[in-house]
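Next comes my_file-v2.json, a file with JSON, C-alpha atoms and all ligand atoms.
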[["chain", "number", "residue", "atom", "x", "y", "z"],
["A", 1, "MET", "CA", 13.18, -13.04, -6.90],
["A", 2, "LYS", "CA", 13.14, -11.29, -10.28],
["A", 3, "LYS", "CA", 10.64, -12.82, -12.71],
["A", 4, "ILE", "CA", 11.78, -13.53, -16.25],
["A", 5, "TYR", "CA", 9.61, -13.28, -19.37],
["A", 6, "GLY", "CA", 10.59, -13.29, -23.03],
["A", 7, "VAL", "CA", 9.83, -13.81, -26.68],
["A", 8, "ILE", "CA", 11.16, -16.73, -28.73],
["A", 9, "GLY", "CA", 11.40, -16.61, -32.52],
["A", 10, "ASP", "CA", 13.83, -16.52, -35.43],
["A", 11, "PRO", "CA", 14.54, -13.74, -36.30],
["A", 12, "VAL", "CA", 13.59, -11.99, -33.08],
["A", 13, "ALA", "CA", 15.90, -8.97, -32.76],
["A", 14, "HIS", "CA", 13.28, -6.69, -34.40],
["A", 15, "SER", "CA", 10.57, -7.57, -31.86],
["A", 16, "LEU", "CA", 8.89, -4.64, -30.11],
["A", 17, "SER", "CA", 7.71, -6.88, -27.26],
["A", 18, "PRO", "CA", 10.74, -6.29, -24.96],
["A", 19, "VAL", "CA", 10.34, -2.51, -25.04],
["A", 20, "MET", "CA", 6.56, -2.79, -24.52],
["A", 21, "HIS", "CA", 6.63, -5.28, -21.63],
["A", 22, "ASN", "CA", 9.61, -3.76, -19.83],
["A", 23, "ALA", "CA", 7.81, -0.40, -19.86],
["A", 24, "ALA", "CA", 4.73, -2.13, -18.39],
["A", 25, "PHE", "CA", 6.74, -3.87, -15.64],
["A", 26, "GLU", "CA", 8.41, -0.59, -14.72],
["A", 27, "LYS", "CA", 5.09, 1.26, -14.60],
["A", 28, "ARG", "CA", 3.59, -1.39, -12.31],
["A", 29, "GLY", "CA", 6.75, -1.48, -10.12],
["A", 30, "MET", "CA", 7.28, -5.19, -10.78],
["A", 31, "ASP", "CA", 10.64, -6.89, -10.26],
["A", 32, "ALA", "CA", 10.59, -8.48, -13.73],
["A", 33, "VAL", "CA", 12.48, -8.41, -17.01],
["A", 34, "TYR", "CA", 11.48, -9.32, -20.60],
["A", 35, "LEU", "CA", 14.13, -10.58, -23.03],
["A", 36, "ALA", "CA", 14.34, -11.75, -26.66],
["A", 37, "PHE", "CA", 15.64, -15.29, -27.28],
["A", 38, "ARG", "CA", 16.56, -16.45, -30.79],
["A", 39, "VAL", "CA", 15.31, -20.05, -31.02],
["A", 40, "SER", "CA", 15.36, -22.20, -34.17],
["A", 41, "MET", "CA", 12.55, -24.60, -35.07],
["A", 42, "ASP", "CA", 14.81, -27.58, -34.22],
["A", 43, "GLU", "CA", 15.30, -26.31, -30.68],
["A", 44, "LEU", "CA", 11.72, -25.26, -29.97],
["A", 45, "GLY", "CA", 10.77, -28.21, -27.74],
["A", 46, "ASP", "CA", 13.99, -27.96, -25.75],
["A", 47, "ALA", "CA", 13.49, -24.20, -25.38],
["A", 48, "ILE", "CA", 9.95, -24.55, -23.97],
["A", 49, "ARG", "CA", 10.88, -27.42, -21.64],
["A", 50, "GLY", "CA", 14.05, -25.56, -20.62],
["A", 51, "ALA", "CA", 12.14, -22.36, -19.92],
["A", 52, "LYS", "CA", 9.84, -24.28, -17.60],
["A", 53, "SER", "CA", 12.80, -25.94, -15.81],
["A", 54, "LEU", "CA", 14.54, -22.57, -15.39],
["A", 55, "GLY", "CA", 11.46, -21.04, -13.80],
["A", 56, "ILE", "CA", 10.76, -18.56, -16.61],
["A", 57, "SER", "CA", 7.30, -17.15, -15.92],
["A", 58, "GLY", "CA", 5.96, -16.60, -19.43],
["A", 59, "LEU", "CA", 6.90, -16.52, -23.10],
["A", 60, "ASN", "CA", 5.63, -14.99, -26.29],
["A", 61, "VAL", "CA", 6.15, -17.00, -29.46],
["A", 62, "THR", "CA", 6.69, -15.33, -32.81],
["A", 63, "ILE", "CA", 7.43, -16.20, -36.44],
["A", 64, "PRO", "CA", 8.09, -18.96, -37.51],
["A", 65, "LEU", "CA", 7.31, -20.93, -34.33],
["A", 66, "LYS", "CA", 3.65, -20.11, -33.58],
["A", 67, "GLU", "CA", 2.14, -23.25, -35.13],
["A", 68, "GLN", "CA", 4.76, -25.78, -34.05],
["A", 69, "ALA", "CA", 4.72, -24.46, -30.46],
["A", 70, "LEU", "CA", 1.18, -25.82, -30.11],
["A", 71, "PHE", "CA", 2.62, -29.34, -29.81],
["A", 72, "PHE", "CA", 4.51, -28.49, -26.62],
["A", 73, "VAL", "CA", 1.69, -26.90, -24.58],
["A", 74, "ASP", "CA", -1.87, -27.45, -23.39],
["A", 75, "ALA", "CA", -3.63, -25.00, -25.69],
["A", 76, "GLU", "CA", -6.69, -22.93, -24.79],
["A", 77, "LYS", "CA", -9.82, -23.90, -26.82],
["A", 78, "VAL", "CA", -9.81, -21.21, -29.54],
["A", 79, "ALA", "CA", -6.00, -21.32, -29.88],
["A", 80, "LYS", "CA", -6.33, -25.03, -30.57],
["A", 81, "LYS", "CA", -8.88, -24.34, -33.34],
["A", 82, "ILE", "CA", -6.63, -21.63, -34.83],
["A", 83, "GLY", "CA", -3.72, -24.05, -34.75],
["A", 84, "ALA", "CA", -1.22, -21.49, -33.44],
["A", 85, "ILE", "CA", -0.20, -19.85, -30.16],
["A", 86, "ASN", "CA", 1.77, -16.71, -29.36],
["A", 87, "THR", "CA", 1.71, -16.83, -25.54],
["A", 88, "ILE", "CA", 2.80, -19.48, -23.02],
["A", 89, "ASP", "CA", 2.02, -19.27, -19.32],
["A", 90, "PHE", "CA", 4.00, -21.48, -16.93],
["A", 91, "SER", "CA", 2.27, -20.45, -13.68],
["A", 92, "SER", "CA", 0.18, -23.60, -13.32],
["A", 93, "GLY", "CA", 3.23, -25.86, -13.48],
["A", 94, "ARG", "CA", 2.63, -27.00, -17.06],
["A", 95, "PRO", "CA", 2.90, -24.81, -20.16],
["A", 96, "VAL", "CA", -0.50, -23.44, -21.26],
["A", 97, "GLY", "CA", -0.79, -21.82, -24.72],
["A", 98, "TYR", "CA", -2.97, -18.89, -25.83],
["A", 99, "ASN", "CA", -3.44, -16.90, -29.02],
["A", 100, "THR", "CA", -3.52, -13.28, -27.91],
["A", 101, "ASP", "CA", -3.27, -12.03, -31.54],
["A", 102, "GLY", "CA", -6.89, -13.16, -31.78],
["A", 103, "ILE", "CA", -7.83, -11.88, -28.30],
["A", 104, "GLY", "CA", -6.14, -8.51, -28.96],
["A", 105, "SER", "CA", -7.72, -7.97, -32.37],
["A", 106, "LEU", "CA", -11.17, -8.80, -31.01],
["A", 107, "ARG", "CA", -10.73, -6.20, -28.27],
["A", 108, "VAL", "CA", -9.74, -3.61, -30.91],
["A", 109, "LEU", "CA", -12.83, -4.42, -32.96],
["A", 110, "LYS", "CA", -15.23, -4.42, -30.00],
["A", 111, "GLU", "CA", -13.93, -1.02, -28.89],
["A", 112, "THR", "CA", -14.29, 0.41, -32.39],
["A", 113, "ALA", "CA", -17.32, -1.35, -33.85],
["A", 114, "GLY", "CA", -19.28, -2.33, -30.69],
["A", 115, "GLU", "CA", -21.28, -5.57, -30.77],
["A", 116, "ILE", "CA", -19.72, -8.07, -33.21],
["A", 117, "LYS", "CA", -22.62, -10.52, -33.37],
["A", 118, "GLY", "CA", -24.35, -10.32, -36.77],
["A", 119, "LYS", "CA", -21.78, -7.93, -38.28],
["A", 120, "SER", "CA", -20.50, -8.62, -41.82],
["A", 121, "VAL", "CA", -16.72, -8.65, -41.85],
["A", 122, "LEU", "CA", -14.57, -8.68, -44.98],
["A", 123, "ILE", "CA", -11.07, -9.81, -44.06],
["A", 124, "PHE", "CA", -8.19, -9.70, -46.53],
["A", 125, "GLY", "CA", -5.63, -12.48, -45.99],
["A", 126, "ALA", "CA", -5.64, -16.12, -44.98],
["A", 127, "GLY", "CA", -2.26, -16.34, -43.24],
["A", 128, "GLY", "CA", -1.48, -16.64, -39.53],
["A", 129, "ALA", "CA", -2.91, -13.30, -38.44],
["A", 130, "ALA", "CA", -6.07, -13.60, -40.58],
["A", 131, "LYS", "CA", -6.69, -17.04, -39.12],
["A", 132, "ALA", "CA", -6.40, -15.83, -35.52],
["A", 133, "ILE", "CA", -8.71, -12.85, -36.14],
["A", 134, "SER", "CA", -11.28, -14.88, -38.11],
["A", 135, "PHE", "CA", -11.65, -17.60, -35.47],
["A", 136, "TYR", "CA", -12.23, -15.03, -32.73],
["A", 137, "LEU", "CA", -14.77, -13.15, -34.90],
["A", 138, "ASP", "CA", -16.47, -16.48, -35.54],
["A", 139, "THR", "CA", -16.80, -17.20, -31.80],
["A", 140, "GLU", "CA", -18.55, -13.81, -31.46],
["A", 141, "GLY", "CA", -21.11, -14.59, -34.20],
["A", 142, "ALA", "CA", -19.80, -12.41, -37.05],
["A", 143, "LYS", "CA", -20.42, -13.30, -40.70],
["A", 144, "VAL", "CA", -16.94, -13.48, -42.20],
["A", 145, "THR", "CA", -15.84, -13.26, -45.83],
["A", 146, "VAL", "CA", -12.23, -14.30, -46.31],
["A", 147, "ALA", "CA", -10.65, -12.60, -49.36],
["A", 148, "ASN", "CA", -7.24, -13.87, -50.35],
["A", 149, "ARG", "CA", -4.88, -13.76, -53.33],
["A", 150, "THR", "CA", -4.61, -17.56, -53.17],
["A", 151, "LYS", "CA", -8.30, -18.42, -53.15],
["A", 152, "GLU", "CA", -7.82, -22.07, -52.07],
["A", 153, "ARG", "CA", -6.22, -20.84, -48.86],
["A", 154, "ALA", "CA", -9.22, -18.56, -48.21],
["A", 155, "ALA", "CA", -11.59, -21.47, -48.87],
["A", 156, "ARG", "CA", -9.68, -23.69, -46.43],
["A", 157, "LEU", "CA", -9.96, -21.09, -43.68],
["A", 158, "ALA", "CA", -13.64, -20.31, -44.37],
["A", 159, "SER", "CA", -14.53, -24.01, -44.27],
["A", 160, "LYS", "CA", -13.37, -24.18, -40.64],
["A", 161, "LEU", "CA", -15.58, -21.26, -39.55],
["A", 162, "SER", "CA", -19.26, -21.60, -38.78],
["A", 163, "ASN", "CA", -20.61, -18.70, -40.90],
["A", 164, "ALA", "CA", -18.12, -17.74, -43.60],
["A", 165, "ASP", "CA", -17.43, -17.70, -47.31],
["A", 166, "ALA", "CA", -14.29, -17.24, -49.40],
["A", 167, "ILE", "CA", -13.41, -15.10, -52.40],
["A", 168, "GLY", "CA", -10.32, -14.36, -54.46],
["A", 169, "LEU", "CA", -9.09, -10.84, -55.18],
["A", 170, "ASP", "CA", -10.32, -11.06, -58.78],
["A", 171, "VAL", "CA", -13.99, -10.37, -57.90],
["A", 172, "GLU", "CA", -15.84, -7.03, -57.81],
["A", 173, "LEU", "CA", -14.60, -5.97, -54.37],
["A", 174, "LYS", "CA", -16.59, -2.72, -54.31],
["A", 175, "GLU", "CA", -19.85, -4.72, -54.26],
["A", 176, "ARG", "CA", -18.56, -6.86, -51.38],
["A", 177, "ILE", "CA", -17.41, -3.81, -49.43],
["A", 178, "LYS", "CA", -20.84, -2.14, -49.90],
["A", 179, "ASP", "CA", -22.40, -5.04, -47.96],
["A", 180, "SER", "CA", -19.74, -5.08, -45.21],
["A", 181, "ASP", "CA", -19.71, -3.41, -41.78],
["A", 182, "ILE", "CA", -16.04, -4.04, -41.08],
["A", 183, "LEU", "CA", -13.03, -4.27, -43.43],
["A", 184, "ILE", "CA", -9.77, -5.73, -42.13],
["A", 185, "ASN", "CA", -6.43, -5.90, -43.92],
["A", 186, "ALA", "CA", -4.59, -8.92, -42.50],
["A", 187, "THR", "CA", -2.17, -9.24, -45.43],
["A", 188, "SER", "CA", 1.29, -7.71, -45.60],
["A", 189, "VAL", "CA", 0.15, -5.41, -48.44],
["A", 190, "GLY", "CA", 1.10, -1.80, -47.65],
["A", 191, "MET", "CA", 3.87, -2.79, -45.26],
["A", 192, "HIS", "CA", 7.32, -1.17, -45.48],
["A", 193, "PRO", "CA", 9.02, -1.00, -48.02],
["A", 194, "HIS", "CA", 5.86, -1.18, -50.17],
["A", 195, "GLU", "CA", 4.03, 1.72, -48.50],
["A", 196, "ASN", "CA", 2.18, 2.72, -51.65],
["A", 197, "ALA", "CA", 0.39, -0.61, -52.06],
["A", 198, "THR", "CA", -3.25, -1.16, -51.13],
["A", 199, "LEU", "CA", -5.95, -3.67, -52.07],
["A", 200, "VAL", "CA", -8.75, -1.12, -51.57],
["A", 201, "THR", "CA", -9.03, 2.54, -52.61],
["A", 202, "ALA", "CA", -11.29, 5.37, -51.40],
["A", 203, "ASP", "CA", -13.83, 5.01, -54.23],
["A", 204, "MET", "CA", -14.59, 1.45, -53.03],
["A", 205, "MET", "CA", -15.41, 2.39, -49.41],
["A", 206, "HIS", "CA", -18.41, 3.90, -47.62],
["A", 207, "PRO", "CA", -18.27, 6.24, -44.59],
["A", 208, "ASP", "CA", -20.05, 3.80, -42.22],
["A", 209, "LEU", "CA", -17.39, 1.14, -42.66],
["A", 210, "VAL", "CA", -14.97, 0.30, -39.84],
["A", 211, "VAL", "CA", -11.49, 0.02, -41.40],
["A", 212, "PHE", "CA", -8.77, -1.85, -39.50],
["A", 213, "ASP", "CA", -5.29, -2.37, -40.94],
["A", 214, "ILE", "CA", -3.17, -4.73, -38.83],
["A", 215, "VAL", "CA", 0.04, -3.57, -40.56],
["A", 216, "TYR", "CA", 1.93, -1.19, -38.24],
["A", 217, "THR", "CA", 4.97, -0.22, -40.34],
["A", 218, "PRO", "CA", 4.04, 2.45, -41.37],
["A", 219, "MET", "CA", 1.56, 3.34, -38.63],
["A", 220, "GLU", "CA", -0.69, 5.07, -41.18],
["A", 221, "THR", "CA", -0.83, 2.78, -44.20],
["A", 222, "ARG", "CA", -2.05, 3.73, -47.66],
["A", 223, "LEU", "CA", -5.28, 1.82, -46.91],
["A", 224, "LEU", "CA", -5.93, 4.02, -43.86],
["A", 225, "LYS", "CA", -5.18, 7.16, -45.89],
["A", 226, "GLU", "CA", -7.69, 5.98, -48.51],
["A", 227, "ALA", "CA", -10.24, 5.37, -45.73],
["A", 228, "THR", "CA", -9.76, 8.93, -44.47],
["A", 229, "ARG", "CA", -10.29, 10.23, -48.03],
["A", 230, "ALA", "CA", -13.51, 8.20, -48.24],
["A", 231, "GLY", "CA", -14.82, 9.90, -45.09],
["A", 232, "VAL", "CA", -14.61, 6.74, -42.96],
["A", 233, "LYS", "CA", -15.02, 7.74, -39.31],
["A", 234, "LYS", "CA", -13.85, 4.57, -37.59],
["A", 235, "ILE", "CA", -10.25, 3.81, -38.55],
["A", 236, "VAL", "CA", -7.78, 1.70, -36.52],
["A", 237, "ASN", "CA", -4.11, 0.96, -37.14],
["A", 238, "GLY", "CA", -2.03, -2.12, -36.34],
["A", 239, "VAL", "CA", -0.34, -0.56, -33.31],
["A", 240, "LYS", "CA", -3.55, -1.02, -31.32],
["A", 241, "MET", "CA", -3.60, -4.77, -32.07],
["A", 242, "LEU", "CA", 0.09, -5.10, -31.22],
["A", 243, "VAL", "CA", -0.49, -3.37, -27.89],
["A", 244, "TYR", "CA", -3.68, -5.28, -27.08],
["A", 245, "GLN", "CA", -2.12, -8.68, -27.82],
["A", 246, "GLY", "CA", 0.74, -7.70, -25.51],
["A", 247, "ALA", "CA", -1.71, -6.46, -22.89],
["A", 248, "ALA", "CA", -3.60, -9.76, -23.03],
["A", 249, "SER", "CA", -0.33, -11.71, -22.50],
["A", 250, "PHE", "CA", 0.60, -9.39, -19.61],
["A", 251, "GLN", "CA", -2.75, -10.03, -17.94],
["A", 252, "ILE", "CA", -2.53, -13.82, -18.41],
["A", 253, "TRP", "CA", 0.95, -13.88, -16.83],
["A", 254, "THR", "CA", 0.59, -11.35, -14.02],
["A", 255, "HIS", "CA", -3.18, -11.14, -13.34],
["A", 256, "GLU", "CA", -2.60, -7.37, -13.12],
["A", 257, "GLU", "CA", -4.32, -4.65, -15.15],
["A", 258, "PRO", "CA", -1.95, -3.86, -18.08],
["A", 259, "PRO", "CA", -0.89, -0.17, -18.33],
["A", 260, "ILE", "CA", -2.15, 0.18, -21.91],
["A", 261, "GLU", "CA", -1.15, 3.82, -22.41],
["A", 262, "VAL", "CA", 2.43, 3.20, -21.29],
["A", 263, "MET", "CA", 2.69, 0.13, -23.53],
["A", 264, "GLU", "CA", 1.31, 2.05, -26.53],
["A", 265, "GLU", "CA", 3.68, 4.95, -25.93],
["A", 266, "ALA", "CA", 6.69, 2.60, -25.71],
["A", 267, "VAL", "CA", 5.77, 0.90, -28.98],
["A", 268, "THR", "CA", 4.98, 4.16, -30.79],
["A", 269, "ASP", "CA", 8.28, 5.74, -29.65],
["A", 270, "ALA", "CA", 10.22, 2.67, -30.81],
["A", 271, "LEU", "CA", 8.45, 2.71, -34.19],
["A", 272, "ILE", "CA", 9.18, 6.43, -34.66],
["A", 273, "ARG", "CA", 12.84, 5.90, -33.68],
["A", 274, "THR", "CA", 13.30, 3.12, -36.23],
["A", 275, "SER", "CA", 11.27, 4.62, -39.12],
["B", 301, "LIG", "P1", 1.46, -14.63, -43.42],
["B", 301, "LIG", "O1", 1.01, -15.79, -42.61],
["B", 301, "LIG", "O2", 2.74, -14.73, -44.20],
["B", 301, "LIG", "O3", 0.27, -14.25, -44.46],
["B", 301, "LIG", "C1", 0.46, -13.25, -45.43],
["B", 301, "LIG", "C2", -0.89, -12.96, -46.12],
["B", 301, "LIG", "O4", -0.70, -11.82, -46.97],
["B", 301, "LIG", "C3", -1.38, -14.09, -47.01],
["B", 301, "LIG", "O5", -2.78, -14.12, -46.95],
["B", 301, "LIG", "C4", -0.88, -13.65, -48.40],
["B", 301, "LIG", "O6", -1.66, -14.17, -49.48],
["B", 301, "LIG", "C5", -1.10, -12.16, -48.32],
["B", 301, "LIG", "N1", -0.25, -11.40, -49.26],
["B", 301, "LIG", "C6", 1.10, -11.24, -49.19],
["B", 301, "LIG", "N2", 1.52, -10.47, -50.23],
["B", 301, "LIG", "C7", 0.41, -10.17, -50.98],
["B", 301, "LIG", "C8", 0.19, -9.42, -52.16],
["B", 301, "LIG", "N3", 1.19, -8.81, -52.78],
["B", 301, "LIG", "N4", -1.07, -9.30, -52.62],
["B", 301, "LIG", "C9", -2.11, -9.89, -51.97],
["B", 301, "LIG", "N5", -1.97, -10.62, -50.83],
["B", 301, "LIG", "C10", -0.72, -10.77, -50.35],
["B", 301, "LIG", "O7", 1.64, -13.32, -42.51],
["B", 301, "LIG", "P2", 0.87, -12.96, -41.14],
["B", 301, "LIG", "O8", 1.67, -13.43, -39.99],
["B", 301, "LIG", "O9", -0.55, -13.34, -41.25],
["B", 301, "LIG", "O10", 1.03, -11.34, -41.14],
["B", 301, "LIG", "C11", 0.39, -10.52, -42.10],
["B", 301, "LIG", "C12", 0.68, -9.05, -41.78],
["B", 301, "LIG", "O11", 0.12, -8.72, -40.51],
["B", 301, "LIG", "C13", 2.16, -8.69, -41.68],
["B", 301, "LIG", "O12", 2.34, -7.42, -42.25],
["B", 301, "LIG", "C14", 2.43, -8.64, -40.18],
["B", 301, "LIG", "O13", 3.46, -7.72, -39.84],
["B", 301, "LIG", "C15", 1.08, -8.10, -39.67],
["B", 301, "LIG", "N6", 0.77, -8.50, -38.28],
["B", 301, "LIG", "C16", 0.43, -7.53, -37.40],
["B", 301, "LIG", "C17", 0.12, -7.88, -36.10],
["B", 301, "LIG", "C18", -0.25, -6.80, -35.11],
["B", 301, "LIG", "O14", -0.23, -7.08, -33.90],
["B", 301, "LIG", "N7", -0.61, -5.62, -35.54],
["B", 301, "LIG", "C19", 0.12, -9.22, -35.69],
["B", 301, "LIG", "C20", 0.46, -10.21, -36.63],
["B", 301, "LIG", "C21", 0.78, -9.83, -37.93],
["B", 301, "LIG", "P3", -1.35, -15.62, -50.13],
["B", 301, "LIG", "O15", -2.00, -16.64, -49.23],
["B", 301, "LIG", "O16", -1.94, -15.55, -51.46],
["B", 301, "LIG", "O17", 0.16, -15.76, -50.14]]

Kindly return the structure encoded in the file as C-alpha cells.
Amino acid sequence: MKKIYGVIGDPVAHSLSPVMHNAAFEKRGMDAVYLAFRVSMDELGDAIRGAKSLGISGLNVTIPLKEQALFFVDAEKVAKKIGAINTIDFSSGRPVGYNTDGIGSLRVLKETAGEIKGKSVLIFGAGGAAKAISFYLDTEGAKVTVANRTKERAARLASKLSNADAIGLDVELKERIKDSDILINATSVGMHPHENATLVTADMMHPDLVVFDIVYTPMETRLLKEATRAGVKKIVNGVKMLVYQGAASFQIWTHEEPPIEVMEEAVTDALIRTS
C-alpha cells in the first residue's frame, strides 16, 4: 500500500519539502507520496493523533508548530533539550519526535569544518534555528558564543548550553570573529527581500574561518559574498542544511540511504524557478 508522508504548518504552501521528498521517493522507487497539510495551532493535537490513526508514516513540522508539537510526541533526547521538533516518526506505533534541523546543520558543519570538539563557534541569532544548531554543537563539545540583537534572548540560550557565552550586536564583532573558527548566520538577516543586509562584512573576516549562512533565499547571500571577498575558503549556504535536515528525516522514516544529490537538485531547481 502507498505510504503517506507530509509536512504540517501554517502557512505551508511555500514549503520545499514536498518537491524534495517526492524526488527522493521516485529515485528510490518507493510507493510513497509527500503532501503539505495546513494545520492551525488549535488543531495540532488532533492532526498528530489523526495522522497516527490514518496510518500516515511520517510528518515534518514547520512554523509555527515546532515547539508545541513536542507535547504530542515522545521526543528524542536533544530535541527535548532544544524544546522543538520538526520530524515525527510513527513506525513504532507511538509518535516519536526529532529535531533534524539540528542533525542536518551538524552534518553540514562536520563535512565542512571536520572535528567540532574544541572549535570556537560564533552563531548569530537566538531563535528556533539558532537553538537547534547550538544544542547540537554543544553535544559535540564546541565552544559557542551566541550573538543576538536581543541580548537577553542570547543569554537565555547560552545559559542552557554547557560551554557558551552571550553577546549583543553592539560589541566589537571583529575581535570576536578573529578568535572564532566557525561563523554561522542563523538570523533572517540577508533573506529576501532584504538581500543587501548583512551583520558581518569582508573586513571583519579571516580566510581560515568557516562561514555558514542558513538563509537559502537567496542561495548566495550578501554574507557569503562578503566571505568570498575576504578570501574565505570554506563557505556553505542554507540549501545544504535544508537538504540535510530532509535527508535525516528520510532516513529516520525509511531506514534507506537518502539520495542527497537528487534532493539537492530538486530544491535548487524549485528555488531557481521561484526566484
Ligand atoms: P526566528 O525564530 O524568528 O528567529 C529569528 C532570529 O533572527 C532572531 O534571533 C532575531 O533576533 C534575528 N533577527 C531578525 N531580524 C533581525 C535584524 N534585522 N537584525 C538582527 N537580528 C535579527 O527564526 P528561525 O526559525 O530561527 O529562522 C531564522 C532564519 O533561518 C530564517 O531566515 C529561516 O528561513 C532560516 N532557516 C533555514 C533553515 C535551513 O534549513 N536552511 C532552517 C530553519 C530556518 P531577535 O531575537 O533580536 O528578534

Axis-aligned box for ligand LIG 301 (chain B), 6 Å per side, centre and edges in Å as AutoDock Vina command-line options:
--center_x 0.3 --center_y -11.1 --center_z -43.3 --size_x 18.2 --size_y 23.0 --size_z 30.9

Dump the neighbourhood of ligand LIG 301 (chain B) as a count of residues only: all residues within 8 Å, distances computed on all atoms listed in the file.
41

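Here CA of Ile272 (chain A) is placed at a distance of 14.0 Å from CA of Met20 (chain A).
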
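For the atom pair formed by CA of Lys143 (chain A) and CA of Leu223 (chain A), the distance is 22.3 Å, given to one decimal.
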
Within 6 Å of (5.7, -18.2, -28.5) (coordinates as in the file), grab all the protein and nucleic acid residues, counting all atoms listed in the file, and write them out as JSON, numbers by chain.
{"A": [8, 59, 60, 61, 62, 66, 86, 87]}

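In this comparison, which uses all atoms listed in the file, the residue of A:Glu76, A:Glu67, A:Asp208, A:Asp10 approaching Leu183 (chain A) most closely is A:Asp208.
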
A:Pro193, A:Pro18, A:Gly231, A:Gly118 ranked by distance to Ala164 (chain A), top pick (using all atoms listed in the file):
A:Gly118

Compare A:Val108, A:Ile133, A:Met41, A:Ala113 by their minimum atom-to-atom distance to Ala79 (chain A), counting only C-alpha atoms, and give me the closest one.
A:Ile133

All residues 12 Å or closer to Tyr98 (chain A), all atoms listed in the file, same chain fewer than 4 positions away omitted, as number ranges by chain
A: 58-61, 66-67, 69-70, 73-90, 102-104, 132, 245-246, 248-253

Selection as a ChimeraX atom specification: residues within 7 Å of (-19.3, -6.1, -39.3), counting all atoms listed in the file:
/A:116,119-121,142,180-182

Just give me the gap between CA of Leu137 (chain A) and CA of Lys117 (chain A) in Å, one decimal is fine.
8.4 Å

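Nearest to Glu172 (chain A) of all the residues A:Val96, A:Met1, A:Met219, A:Val200 is A:Val200, counting all atoms listed in the file.
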
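With only C-alpha atoms as the atoms that count, the residue of A:Tyr136, A:His21, A:Ser57, A:Ala36 with the shortest distance to Lys2 (chain A) is A:Ser57.
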